[in-house]
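First up is the structure itself, then whatever we jot down about it.
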Amino acid sequence: MVEVRIPQRMRPVPFFFDAFPRSRRPDYSRQRGEIRTRVAIIGGGLTGCACAASFAAAGIAVVLLEADRIGAAATAASAGLLRQDFDASFRETAALHGLKTARHVWQGFRRASLDFSAAFRRLGIRAEVSPQDLLLLARGGAESIRQLQREYQARRDAGVEASWLNTRATAAETQISAASGIRTRGEALDPYRACIGLAAAAASRGAAIHERTPVRRVRAGRKSVEIGTDGGTITAEAVVIATGGLEDDLRALRRHFAPTQAWAVVTQPLPAAVRRETGKRAAALRDTAIPPHLLRWLKDDRVLFSGADQKPLPARQRAMAILPRTNQLMYELTTIYPAISGLQPEWGWDLIHYGSPDGLPVVGPHRNFPRHLFALGHGRHGAGVAWLAARVLLREFLGEANKGDELFGFGRVL
């Protein structure tokens, strides 16, 4: 076996998880025995915990099952952006589904992101939420800028919130030359703190949270659904699937939600001389490269940079790939900001995200899976998907779906 040497200063774990004090990380029990509840939630990431908090606040008995630790996997590995637009093309969505659907889905997501930010304040969750808009940048020459201008015009014509930055304005904002971009409003947060805060809010309202409880089977009957774990059985009226990948019982849907492996690094703090060469550092950056890069500014003058998307590696190769992918990302970061050359990465990790057939989240029931409610295809869309799913699925469970909720579901893509 090849030995992989990680630089002594670099920790091969997600930044947001590693930076949180060990003594304050929650510790929930494993599930044991037979449990009856109204709703079982599979997946203890941000989406699962948002659903648990939302359902519990509505007075619904909830059991949440997490295979590992709450918020420690894809949630902690994410960039922690509460963006108000999707990581997708509005033009392509309108061409595929029609302008009315595209406008409804985009505006619904923006409302969900704004509501999520308000929910943190209302619930007293200290998730380090702070303003951080997103700039979608075209850096590939005149043609890529024209393509981005068409995207902006499509959003503007549809009444979708966005503003245009020409080359001069982009340079003033970012110190990046020969680029133009679309600005959308948004915020940044600590996704791990947000997740454990939602789990605590759910537990305080009576939800049962169980960690280290992998689900082995899900069987839906005429009146209930049964979830089997290593420790026992949960019988519920409905089950919420808030995982990235799908269980064996749902393998018929797997082909629609393809996994992608991405990589991320966090740098050491930027020295003052470097900070002067990186613009205002008030907005996160996402470029139109293939695969794309995402840059987020952290509060202590560090940079979180992600990208290098690829097909998932076999499990035995993932650890060995961290070092070369980290070096690759650090090089690609210097092509955006040459002044960063020479800085060292202090964290580096990988993450798996799942896309949907049209690149947008899929939230709602499926006619072939009774008593199932799904929140799938999160992709790179940011934290707002969690609250969107929580509100749509709660309304569906209560039989109070809003007009247009079905546009977020399977009927849009399958």
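Labels used: A, B, ... for chains in the order of the structure tokens, numbers from 1 for residues in each chain, and numbers from 1 for ligands as shown.
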Legend entry - Near-Ile182 in chain A list (9 Å; only C-alpha atoms; drop same-chain fewer than 4 positions) as a VMD selection string: chain A and resid 134 to 138 148 to 149 151 to 152 162 to 166
Please write the residues from the selection above to a file, keeping C-alpha atoms, as a PDB file, in the first residue's frame.
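Heads up, here's the output in out_32.pdb:
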ATOM      1  CA  LEU A 134     -22.052  35.464  -4.734  1.00  0.00           C
ATOM      2  CA  LEU A 135     -20.377  36.604  -7.948  1.00  0.00           C
ATOM      3  CA  LEU A 136     -20.694  34.243 -10.908  1.00  0.00           C
ATOM      4  CA  LEU A 137     -17.641  35.138 -13.003  1.00  0.00           C
ATOM      5  CA  ALA A 138     -16.792  34.596 -16.667  1.00  0.00           C
ATOM      6  CA  LEU A 148     -23.044  35.089 -19.072  1.00  0.00           C
ATOM      7  CA  GLN A 149     -24.675  38.308 -20.334  1.00  0.00           C
ATOM      8  CA  GLU A 151     -27.916  34.405 -18.628  1.00  0.00           C
ATOM      9  CA  TYR A 152     -28.194  37.723 -16.812  1.00  0.00           C
ATOM     10  CA  ALA A 162     -29.546  39.602 -10.125  1.00  0.00           C
ATOM     11  CA  SER A 163     -27.227  42.484 -11.047  1.00  0.00           C
ATOM     12  CA  TRP A 164     -24.551  42.771 -13.716  1.00  0.00           C
ATOM     13  CA  LEU A 165     -20.909  43.696 -13.091  1.00  0.00           C
ATOM     14  CA  ASN A 166     -18.945  44.729 -16.162  1.00  0.00           C
TER      15      ASN A 166
END
Which residues are near Gly59 in chain A? Cut-off 12 Å, only C-alpha atoms, ignore same chain within fewer than 4 positions. Put them as a PDB file with N, CA, C and O atoms, in the first residue's frame.
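What landed in selection.pdb:
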ATOM      1  N   THR A  37     -43.581   6.259  15.732  1.00  0.00           N
ATOM      2  CA  THR A  37     -43.569   7.707  15.614  1.00  0.00           C
ATOM      3  C   THR A  37     -44.398   8.105  14.406  1.00  0.00           C
ATOM      4  O   THR A  37     -44.842   7.238  13.634  1.00  0.00           O
ATOM      5  N   ARG A  38     -44.578   9.384  14.205  1.00  0.00           N
ATOM      6  CA  ARG A  38     -45.326   9.822  13.022  1.00  0.00           C
ATOM      7  C   ARG A  38     -44.408   9.947  11.807  1.00  0.00           C
ATOM      8  O   ARG A  38     -44.784   9.566  10.701  1.00  0.00           O
ATOM      9  N   VAL A  39     -43.225  10.504  12.011  1.00  0.00           N
ATOM     10  CA  VAL A  39     -42.300  10.714  10.890  1.00  0.00           C
ATOM     11  C   VAL A  39     -40.904  10.252  11.292  1.00  0.00           C
ATOM     12  O   VAL A  39     -40.409  10.607  12.371  1.00  0.00           O
ATOM     13  N   ALA A  52     -36.260  17.925  10.732  1.00  0.00           N
ATOM     14  CA  ALA A  52     -36.599  17.532  12.096  1.00  0.00           C
ATOM     15  C   ALA A  52     -37.072  18.730  12.909  1.00  0.00           C
ATOM     16  O   ALA A  52     -38.067  18.660  13.631  1.00  0.00           O
ATOM     17  N   ALA A  53     -36.360  19.866  12.792  1.00  0.00           N
ATOM     18  CA  ALA A  53     -36.738  21.060  13.544  1.00  0.00           C
ATOM     19  C   ALA A  53     -38.093  21.590  13.079  1.00  0.00           C
ATOM     20  O   ALA A  53     -38.926  22.017  13.887  1.00  0.00           O
ATOM     21  N   SER A  54     -38.324  21.556  11.770  1.00  0.00           N
ATOM     22  CA  SER A  54     -39.572  22.083  11.219  1.00  0.00           C
ATOM     23  C   SER A  54     -40.758  21.211  11.607  1.00  0.00           C
ATOM     24  O   SER A  54     -41.801  21.716  12.042  1.00  0.00           O
ATOM     25  N   PHE A  55     -40.629  19.898  11.473  1.00  0.00           N
ATOM     26  CA  PHE A  55     -41.712  18.987  11.829  1.00  0.00           C
ATOM     27  C   PHE A  55     -41.986  19.039  13.334  1.00  0.00           C
ATOM     28  O   PHE A  55     -43.142  19.062  13.758  1.00  0.00           O
ATOM     29  N   ALA A 202     -34.675  20.768  17.374  1.00  0.00           N
ATOM     30  CA  ALA A 202     -35.634  19.678  17.193  1.00  0.00           C
ATOM     31  C   ALA A 202     -35.774  18.856  18.476  1.00  0.00           C
ATOM     32  O   ALA A 202     -36.884  18.517  18.903  1.00  0.00           O
ATOM     33  N   ALA A 203     -34.629  18.526  19.101  1.00  0.00           N
ATOM     34  CA  ALA A 203     -34.656  17.719  20.328  1.00  0.00           C
ATOM     35  C   ALA A 203     -35.392  18.444  21.450  1.00  0.00           C
ATOM     36  O   ALA A 203     -36.120  17.823  22.241  1.00  0.00           O
ATOM     37  N   SER A 204     -35.243  19.768  21.521  1.00  0.00           N
ATOM     38  CA  SER A 204     -35.908  20.524  22.584  1.00  0.00           C
ATOM     39  C   SER A 204     -37.425  20.525  22.415  1.00  0.00           C
ATOM     40  O   SER A 204     -38.156  20.807  23.364  1.00  0.00           O
ATOM     41  N   ARG A 205     -37.877  20.200  21.209  1.00  0.00           N
ATOM     42  CA  ARG A 205     -39.312  20.129  20.932  1.00  0.00           C
ATOM     43  C   ARG A 205     -39.805  18.690  20.844  1.00  0.00           C
ATOM     44  O   ARG A 205     -40.870  18.419  20.305  1.00  0.00           O
ATOM     45  N   GLY A 206     -39.009  17.772  21.351  1.00  0.00           N
ATOM     46  CA  GLY A 206     -39.461  16.397  21.487  1.00  0.00           C
ATOM     47  C   GLY A 206     -38.965  15.418  20.449  1.00  0.00           C
ATOM     48  O   GLY A 206     -39.280  14.225  20.530  1.00  0.00           O
ATOM     49  N   ALA A 207     -38.185  15.864  19.446  1.00  0.00           N
ATOM     50  CA  ALA A 207     -37.667  14.938  18.439  1.00  0.00           C
ATOM     51  C   ALA A 207     -36.625  14.020  19.068  1.00  0.00           C
ATOM     52  O   ALA A 207     -35.839  14.431  19.923  1.00  0.00           O
ATOM     53  N   LEU A 394     -43.021  19.408   4.924  1.00  0.00           N
ATOM     54  CA  LEU A 394     -43.977  19.557   6.018  1.00  0.00           C
ATOM     55  C   LEU A 394     -45.375  19.828   5.468  1.00  0.00           C
ATOM     56  O   LEU A 394     -46.361  19.213   5.912  1.00  0.00           O
ATOM     57  N   LEU A 398     -48.727  17.359   5.861  1.00  0.00           N
ATOM     58  CA  LEU A 398     -49.955  17.861   6.484  1.00  0.00           C
ATOM     59  C   LEU A 398     -51.107  17.948   5.495  1.00  0.00           C
ATOM     60  O   LEU A 398     -52.236  18.283   5.895  1.00  0.00           O
TER      61      LEU A 398
END
Legend entry - Distance query Thr75 in chain A at most 10 Å, only C-alpha atoms, self and fewer than 4 positions along chain excluded, as JSON, numbers by chain: {"A": [14, 16, 17, 44, 45, 46, 47, 70, 71, 79, 80, 190, 191, 192, 193, 194, 195, 351, 382, 383]}
Save the residues we just selected, N, CA and C atoms, as a CSV table (one decimal), in the first residue's frame?
chain,number,residue,atom,x,y,z
A,14,PRO,N,-12.8,18.1,7.1
A,14,PRO,CA,-13.5,19.3,6.8
A,14,PRO,C,-13.2,20.4,7.9
A,16,PHE,N,-14.9,23.1,8.9
A,16,PHE,CA,-15.9,23.5,9.9
A,16,PHE,C,-16.1,22.5,11.0
A,17,PHE,N,-15.9,21.2,10.7
A,17,PHE,CA,-16.0,20.2,11.7
A,17,PHE,C,-14.8,20.3,12.7
A,44,GLY,N,-28.8,12.8,8.9
A,44,GLY,CA,-28.6,13.8,9.9
A,44,GLY,C,-27.7,15.0,9.5
A,45,GLY,N,-27.8,15.3,8.2
A,45,GLY,CA,-27.1,16.5,7.7
A,45,GLY,C,-28.0,17.7,7.9
A,46,LEU,N,-27.6,18.8,7.2
A,46,LEU,CA,-28.4,20.1,7.4
A,46,LEU,C,-29.8,19.9,6.9
A,47,THR,N,-30.1,19.2,5.8
A,47,THR,CA,-31.5,19.0,5.4
A,47,THR,C,-32.3,18.2,6.4
A,70,ILE,N,-24.0,13.6,13.6
A,70,ILE,CA,-24.8,14.7,13.1
A,70,ILE,C,-23.9,15.8,12.4
A,71,GLY,N,-24.2,16.1,11.2
A,71,GLY,CA,-23.5,17.2,10.5
A,71,GLY,C,-22.1,17.0,10.1
A,79,ALA,N,-19.4,24.4,1.5
A,79,ALA,CA,-18.8,25.7,1.6
A,79,ALA,C,-19.6,26.6,2.5
A,80,GLY,N,-20.8,26.2,3.0
A,80,GLY,CA,-21.5,27.1,3.9
A,80,GLY,C,-22.0,28.4,3.4
A,190,ASP,N,-21.6,29.0,9.1
A,190,ASP,CA,-20.9,27.8,9.5
A,190,ASP,C,-21.9,26.6,9.4
A,191,PRO,N,-21.8,25.8,8.4
A,191,PRO,CA,-22.8,24.7,8.2
A,191,PRO,C,-22.9,23.7,9.3
A,192,TYR,N,-21.8,23.4,10.0
A,192,TYR,CA,-21.8,22.4,11.1
A,192,TYR,C,-22.5,23.0,12.3
A,193,ARG,N,-22.2,24.3,12.6
A,193,ARG,CA,-22.9,24.9,13.7
A,193,ARG,C,-24.4,25.0,13.4
A,194,ALA,N,-24.7,25.3,12.2
A,194,ALA,CA,-26.1,25.4,11.8
A,194,ALA,C,-26.8,24.1,12.0
A,195,CYS,N,-26.2,23.0,11.6
A,195,CYS,CA,-26.8,21.7,11.7
A,195,CYS,C,-27.0,21.2,13.1
A,351,LEU,N,-15.5,15.7,-0.8
A,351,LEU,CA,-16.9,15.6,-0.5
A,351,LEU,C,-17.6,15.0,-1.8
A,382,GLY,N,-26.2,25.0,-2.1
A,382,GLY,CA,-26.0,25.8,-0.9
A,382,GLY,C,-27.1,25.4,0.2
A,383,ALA,N,-27.0,26.1,1.3
A,383,ALA,CA,-27.7,25.7,2.5
A,383,ALA,C,-29.2,25.9,2.4
Inset, instruction - Please provide as a ChimeraX atom specification all residues within 8 Å of Thr170 in chain A, with the sequence filter that same-chain residues fewer than 5 positions apart are discarded (counting only C-alpha atoms). - result: /A:165,175-177,179-181
Residues from the last selection, C-alpha atoms, saved as a compact mmCIF listing (two decimals), in the first residue's frame:
# COMPACT_ATOMS: atom_id res chain seq x y z
CA LEU A 165 -20.91 43.70 -13.09
CA GLN A 175 -8.99 42.68 -8.29
CA ILE A 176 -9.52 40.11 -11.08
CA SER A 177 -8.98 41.57 -14.54
CA ALA A 179 -13.78 39.20 -16.10
CA SER A 180 -17.45 40.11 -15.83
CA GLY A 181 -20.09 38.65 -13.56
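What separates CA of Glu66 in chain A from CA of Val240 in chain A is a distance of 12.3 Å.
Proximity to Ile41 in chain A at 7 Å, evaluated using only C-alpha atoms and with sequence-adjacent residues fewer than 2 positions away removed, yields Val39, Gly43, Gly48, Val63, Leu64, Leu65, Val239, Val240, Ile241 and Ala242 of chain A.
Every residue of range 250-329 of chain A with a DSSP assignment of alpha helix (DSSP H), taken from the backbone, is listed as Ala272, Ala273, Val274, Arg275, Ala315, Arg316, Gln317, Arg318, Ala319, Met320, Ala321, Ile322, Leu323, Pro324, Arg325, Thr326, Asn327, Gln328 and Leu329 of chain A.
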Legend entry - Distance query range 400-411 of chain A at most 8 Å, only C-alpha atoms, self and fewer than 3 positions along chain excluded, as an NGL selection string: :A and (101 or 104-105 or 361-366 or 392 or 395-397 or 414)
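If you look at CA of Ala238 in chain A and CA of Arg30 in chain A, they are 20.7 Å away from each other.
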Inset, instruction - Excluding Ala272 in chain A and residues on its chain fewer than 3 positions from it, collect all residues at most 12 Å away from it, counting only C-alpha atoms, and give them as number ranges by chain. - result: A: 269, 275-279, 301-302, 339-340
Next, write the just-selected residues to a file, as a PDB file, in the first residue's frame, keeping C-alpha atoms as the atom set.
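Below is the file out.pdb, written as the result:
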ATOM      1  CA  PRO A 269      -4.450  33.278   7.028  1.00  0.00           C
ATOM      2  CA  ARG A 275      -5.002  40.847   1.294  1.00  0.00           C
ATOM      3  CA  ARG A 276      -4.267  44.066  -0.584  1.00  0.00           C
ATOM      4  CA  GLU A 277      -4.119  42.054  -3.829  1.00  0.00           C
ATOM      5  CA  THR A 278      -7.451  40.240  -3.363  1.00  0.00           C
ATOM      6  CA  GLY A 279     -10.021  43.023  -3.610  1.00  0.00           C
ATOM      7  CA  ASP A 301      -8.627  35.984   6.478  1.00  0.00           C
ATOM      8  CA  ARG A 302      -8.480  32.416   5.244  1.00  0.00           C
ATOM      9  CA  ALA A 339      -0.444  36.846  -4.790  1.00  0.00           C
ATOM     10  CA  ILE A 340      -1.570  33.739  -2.889  1.00  0.00           C
TER      11      ILE A 340
END
Inset, instruction - Apply DSSP to the structure's backbone, then extract all residues of range 155-306 of chain A labelled strand (DSSP E or B) and return them as a ChimeraX atom specification. - result: /A:163-165,180-184,186-188,208-210,215-220,225-229,232-236,238-241,259-267,283-287,294-297,303-306
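The smallest atom-to-atom distance between Pro345 in chain A and any of A:Asp287, A:Arg296, A:Thr174, A:Val266, using only C-alpha atoms, is found for A:Val266.
For the pair CA of Leu198 in chain A and CA of Phe15 in chain A, the interatomic distance is 19.5 Å.
The smallest atom-to-atom distance between Arg391 in chain A and any of A:Asp85, A:Asp115, A:Glu237, A:Glu143, using only C-alpha atoms, is found for A:Asp115.
Of the residues under consideration (A:Gly379, A:Gly231, A:Gly307, A:Gly141), A:Gly141 shows the shortest atom-to-atom contact distance to Thr167 in chain A when counting only C-alpha atoms.
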Produce a table with one row for each residue of range 338-374 of chain A that has an atom at most 12 Å from any atom of range 208-218 of chain A, each row naming the nearest atom pair and its distance in Å at one decimal; use only C-alpha atoms; arrange rows by chain and rising residue number; format as a Markdown table.
| residue | atom | partner | partner_atom | distance |
| --- | --- | --- | --- | --- |
| A:Phe369 | CA | A:Val218 | CA | 10.5 |
| A:Pro370 | CA | A:Val218 | CA | 11.2 |
| A:Arg371 | CA | A:Val218 | CA | 10.5 |
| A:His372 | CA | A:Val218 | CA | 9.6 |
